[in-house]
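Contents: one structure, followed by commentary.
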Amino acid sequence: MMRPIMILATSLLLGGCNMVVLNPAGDVAAQQRDLLIIATVLMLLIIVPVIVLIALFAWRYRASNKDANYQPNWDHSTQLELLIWAAPLLIIICLGAVTWVGTHLLDPYRPIERTVAGKPIAPGVKPLEVQVVALDWKWLFIYPEYGIATVNELAAPVDRPIAFHITAASVMNAFYVPALAGMIYAMPSMETRLHAVINKPGDYTGMSANYSGAGFSGMHFHFYGMTDKDFAGWVARNKAAGGNLDRAAYAQLERPSEHVPVQRFAAVEPGLFRAAVNFCVKPGSVCTDAMMRQDAARDTQPTQNEHGPMPMPAGAPMPKPGQSPVPQPSPVAKRDSAGLTGAGLPRPSSTSAPNSAPTPASVALATAASHPSL
């Protein structure tokens with residue numbers, strides 16, 4: 001009695017869910033869905049038999065079943081070991097191959113090669129470029145091809161590739177339109193990319209999928225898939241809305257605000273997205289990419305010897321081009337070392353000064369130093 005009630009309650013609860021991940025409207029999201037289904041089925045090939053066998057063993061070897069073959073000393077079966085280890089190994093190999101291929105084909109930085117299965121991108125089709133800035137707590141979309149910008153509203157024509165350039169103004173966010181493609185992070189002072197395509201007209205939901213503070217729950221936007229005619233009308237409405245998104249307007253928009261309504265800008269200052277990526281929207285600030293280029297140029301410059309070149313000793317041969325100079329011992333060093341034995345002791349001199357005859361002790365000491373084996 002309880003089981004039908006639980007099934008009915010679960011069905012009612014799931015009926016209110018939007019299964020957009022399993023029913024996407026874009027080809028990239030559809031391929032990701034297929035990858036998810038394949039991976040789930042491959043894993044179920046192990047999970048389901050294990051669960052069934054657990055229930056079967058529990059029922060067969062129950063205490064009331066006296067006919068079961070009870071072998072408490074059994075410990076090994078080669079056939080069973082091969083089955084236990086071979087099946088998961090084959091599934092892991094298949095899962096790894098499918099995941100590796102899908103990961104490379106669905107790389108967000110890789111331009112898409114088709115609009116749907118069996119329909120490659122036509123030659124000469126230019127992707128729609130959209131520059132995305134995650135603000136606190138709203139989304140800014142810039143269309144450099146049309147010179148317009150919107151806040152919390154995104155649109156694209158059906159079956160036209162979309163190239164997203166994504167960054168963040170403060171903390172890290174995650175740009176995510178479940179019906180279009182997978183999630184990609186928006187990070188400050190960085191530009192991430194995403195390539196996708198929408199195949200069905202409709203109104204879809206976009207969101208931030210990474211917690212970013214107080215206004216995170218309201219950081220949603222509408223994504224509209226449109227026909228070419230409807231998209232042209234949408235662009236015209238934005239141009240007719242007026243407003244100029246320059247650096248001053250961006251500074252006002254960058255301030256934290258929650259549940260921001262849709263805003264439209266008919267003109268955008270050139271280079272604004274690059275300035276947002278490099279934290280140089282404010283007048284007089286140095287862009288981070290220019291700062292890094294200056295540091296790189298400074299690091300590649302050769303360091304000069306502040307004390308000048310090392311002087312060469314007198315009489316030393318000049319080195320050839322590309323050859324390191326060979327240090328020559330000075331005459332003083334030759335003269336000082338000429339009177340030393342192998343042990344560093346002075347040799348007995350035959351030209352000693354008068355009245356300075358060598359003593360037997362000094363002769364013996366010098367002889368021992370010159371012949372260590374004695």
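We label chains A, B, ... in the order they appear in the structure tokens, count residues from 1 in each chain, and number ligands from 1 in the order shown.
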Segment 73-210 of chain A: residues DSSP assigns to strand (DSSP E or B), reported as number ranges by chain: A: 114-116, 119-120, 128-135, 138-143, 148-151, 153-157, 162-168, 173-176, 184-186, 188, 192-196, 198, 202-208
Within 7 Å of segment 168-183 of chain A, counting only C-alpha atoms, which residues qualify if same-chain residues fewer than 3 places away don't, as an MDAnalysis selection string? chainID A and resid 20:21 24:26 28:29 133:135 186:188 196:198 204:212 276
Who sits within 9 Å of Tyr70 of chain A, only C-alpha atoms, same chain under 3 positions skipped, as a ChimeraX atom specification: /A:61,66-67
Leu89 of chain A environment, 12 Å, only C-alpha atoms, sequence neighbours closer than 4 positions dropped, as a VMD selection string: chain A and resid 42 to 43 45 to 46 82 to 85 93 to 96
Which residues come within 6 Å of Ile148 of chain A, counting only C-alpha atoms, excluding same-chain residues fewer than 5 positions away, as an MDAnalysis selection string? chainID A and resid 143 265:268
Output file for the selection above: N, CA and C atoms, as an mmCIF file, in the first residue's frame:
```
data_model
loop_
_atom_site.group_PDB
_atom_site.id
_atom_site.type_symbol
_atom_site.label_atom_id
_atom_site.label_comp_id
_atom_site.auth_asym_id
_atom_site.auth_seq_id
_atom_site.Cartn_x
_atom_site.Cartn_y
_atom_site.Cartn_z
ATOM 1 N N TYR A 143 27.369 43.564 -27.610
ATOM 2 C CA TYR A 143 27.397 43.043 -28.976
ATOM 3 C C TYR A 143 28.271 43.976 -29.821
ATOM 4 N N PHE A 265 21.298 49.690 -24.070
ATOM 5 C CA PHE A 265 22.183 50.775 -24.470
ATOM 6 C C PHE A 265 22.331 50.734 -25.986
ATOM 7 N N ALA A 266 22.087 51.875 -26.612
ATOM 8 C CA ALA A 266 22.130 51.950 -28.068
ATOM 9 C C ALA A 266 23.541 52.108 -28.606
ATOM 10 N N ALA A 267 24.493 52.467 -27.762
ATOM 11 C CA ALA A 267 25.875 52.652 -28.195
ATOM 12 C C ALA A 267 26.803 52.208 -27.071
ATOM 13 N N VAL A 268 27.955 51.694 -27.455
ATOM 14 C CA VAL A 268 28.954 51.207 -26.498
ATOM 15 C C VAL A 268 30.302 51.808 -26.864
#
```
Across A:Ala149, A:Val286, A:Leu140, A:Ala163, the smallest distance to His220 of chain A, with only C-alpha atoms counted, is shown by A:Leu140
Interface rows for segment 122-200 of chain A against segment 99-118 of chain A: nearest pair, Å to one decimal, 8 Å, only C-alpha atoms, as CSV:
```
residue,atom,partner,partner_atom,distance
A:Asp159,CA,A:Thr115,CA,5.7
A:Arg160,CA,A:Thr115,CA,7.3
A:Pro161,CA,A:Ile112,CA,7.2
A:Ala163,CA,A:Pro111,CA,7.7
A:Ile184,CA,A:Pro108,CA,7.8
A:Thr192,CA,A:Tyr109,CA,8.0
A:Arg193,CA,A:Tyr109,CA,5.5
A:Leu194,CA,A:Pro108,CA,4.5
A:His195,CA,A:Pro111,CA,5.6
A:Ala196,CA,A:Ile112,CA,6.7
A:Val197,CA,A:Thr115,CA,6.4
A:Asn199,CA,A:Thr115,CA,7.3
```
Could those selected residues go to a file with N, CA and C atoms, as a PDB file, in the first residue's frame?
```pdb
ATOM      1  N   ASP A 159      20.444  28.749 -35.075  1.00  0.00           N
ATOM      2  CA  ASP A 159      21.380  28.086 -35.987  1.00  0.00           C
ATOM      3  C   ASP A 159      22.550  28.971 -36.409  1.00  0.00           C
ATOM      4  N   ARG A 160      22.854  29.978 -35.647  1.00  0.00           N
ATOM      5  CA  ARG A 160      24.059  30.776 -35.888  1.00  0.00           C
ATOM      6  C   ARG A 160      25.033  30.562 -34.726  1.00  0.00           C
ATOM      7  N   PRO A 161      26.273  30.216 -35.021  1.00  0.00           N
ATOM      8  CA  PRO A 161      27.240  30.001 -33.927  1.00  0.00           C
ATOM      9  C   PRO A 161      27.409  31.259 -33.079  1.00  0.00           C
ATOM     10  N   ALA A 163      29.924  33.056 -30.158  1.00  0.00           N
ATOM     11  CA  ALA A 163      31.239  33.061 -29.516  1.00  0.00           C
ATOM     12  C   ALA A 163      31.178  34.010 -28.329  1.00  0.00           C
ATOM     13  N   ILE A 184      30.493  27.816 -17.705  1.00  0.00           N
ATOM     14  CA  ILE A 184      31.866  28.302 -17.858  1.00  0.00           C
ATOM     15  C   ILE A 184      32.060  29.431 -16.843  1.00  0.00           C
ATOM     16  N   THR A 192      37.530  34.117 -20.303  1.00  0.00           N
ATOM     17  CA  THR A 192      37.207  32.749 -20.688  1.00  0.00           C
ATOM     18  C   THR A 192      36.281  32.780 -21.898  1.00  0.00           C
ATOM     19  N   ARG A 193      36.162  31.634 -22.570  1.00  0.00           N
ATOM     20  CA  ARG A 193      35.398  31.602 -23.815  1.00  0.00           C
ATOM     21  C   ARG A 193      34.444  30.410 -23.837  1.00  0.00           C
ATOM     22  N   LEU A 194      33.412  30.574 -24.621  1.00  0.00           N
ATOM     23  CA  LEU A 194      32.419  29.521 -24.793  1.00  0.00           C
ATOM     24  C   LEU A 194      31.836  29.641 -26.193  1.00  0.00           C
ATOM     25  N   HIS A 195      31.775  28.508 -26.901  1.00  0.00           N
ATOM     26  CA  HIS A 195      31.159  28.456 -28.223  1.00  0.00           C
ATOM     27  C   HIS A 195      29.916  27.575 -28.146  1.00  0.00           C
ATOM     28  N   ALA A 196      28.826  28.045 -28.729  1.00  0.00           N
ATOM     29  CA  ALA A 196      27.567  27.310 -28.643  1.00  0.00           C
ATOM     30  C   ALA A 196      26.669  27.721 -29.799  1.00  0.00           C
ATOM     31  N   VAL A 197      25.497  27.099 -29.856  1.00  0.00           N
ATOM     32  CA  VAL A 197      24.492  27.421 -30.859  1.00  0.00           C
ATOM     33  C   VAL A 197      23.130  27.047 -30.292  1.00  0.00           C
ATOM     34  N   ASN A 199      19.218  26.023 -31.285  1.00  0.00           N
ATOM     35  CA  ASN A 199      18.546  25.397 -32.425  1.00  0.00           C
ATOM     36  C   ASN A 199      17.033  25.595 -32.433  1.00  0.00           C
TER      37      ASN A 199
END
```
From a DSSP calculation on the backbone, collect every residue of segment 3-215 of chain A in alpha helix (DSSP H) and output the set as a ChimeraX atom specification. /A:3-15,27-60,78-105
Work out how far atom CA of Ile54 of chain A is from atom CA of Glu81 of chain A, in Å to one decimal. 16.9 Å
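Taking only C-alpha atoms into account, Val125 of chain A lies nearest to A:Ile162 out of the set A:Ile91, A:Leu36, A:Ile162, A:Val41.
Proximity ranking of A:His259, A:Lys138, A:His165, A:Arg33 relative to Val277 of chain A places A:His165 first, based on only C-alpha atoms.
Taking atom CA of Arg298 of chain A as the reference point, atom CA of Gly284 of chain A is found at 21.9 Å.
For segment 247-253 of chain A, the set of protein, DNA and RNA residues having any atom at most 8 Å away, when counting only C-alpha atoms and skipping those fewer than 6 positions along the same chain, is Glu269, Leu272, Val281 and Lys282 of chain A.
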Selection above as a file: C-alpha atoms, as a tab-separated table (two decimals), in the first residue's frame:
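Written output follows (again.tsv):
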```
chain	number	residue	atom	x	y	z
A	269	GLU	CA	32.34	52.85	-26.11
A	272	LEU	CA	35.20	48.85	-23.00
A	281	VAL	CA	38.01	51.44	-16.90
A	282	LYS	CA	38.76	54.32	-14.54
```
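Note that atom CA of Ala86 of chain A and atom CA of Asn69 of chain A are 26.3 Å apart.
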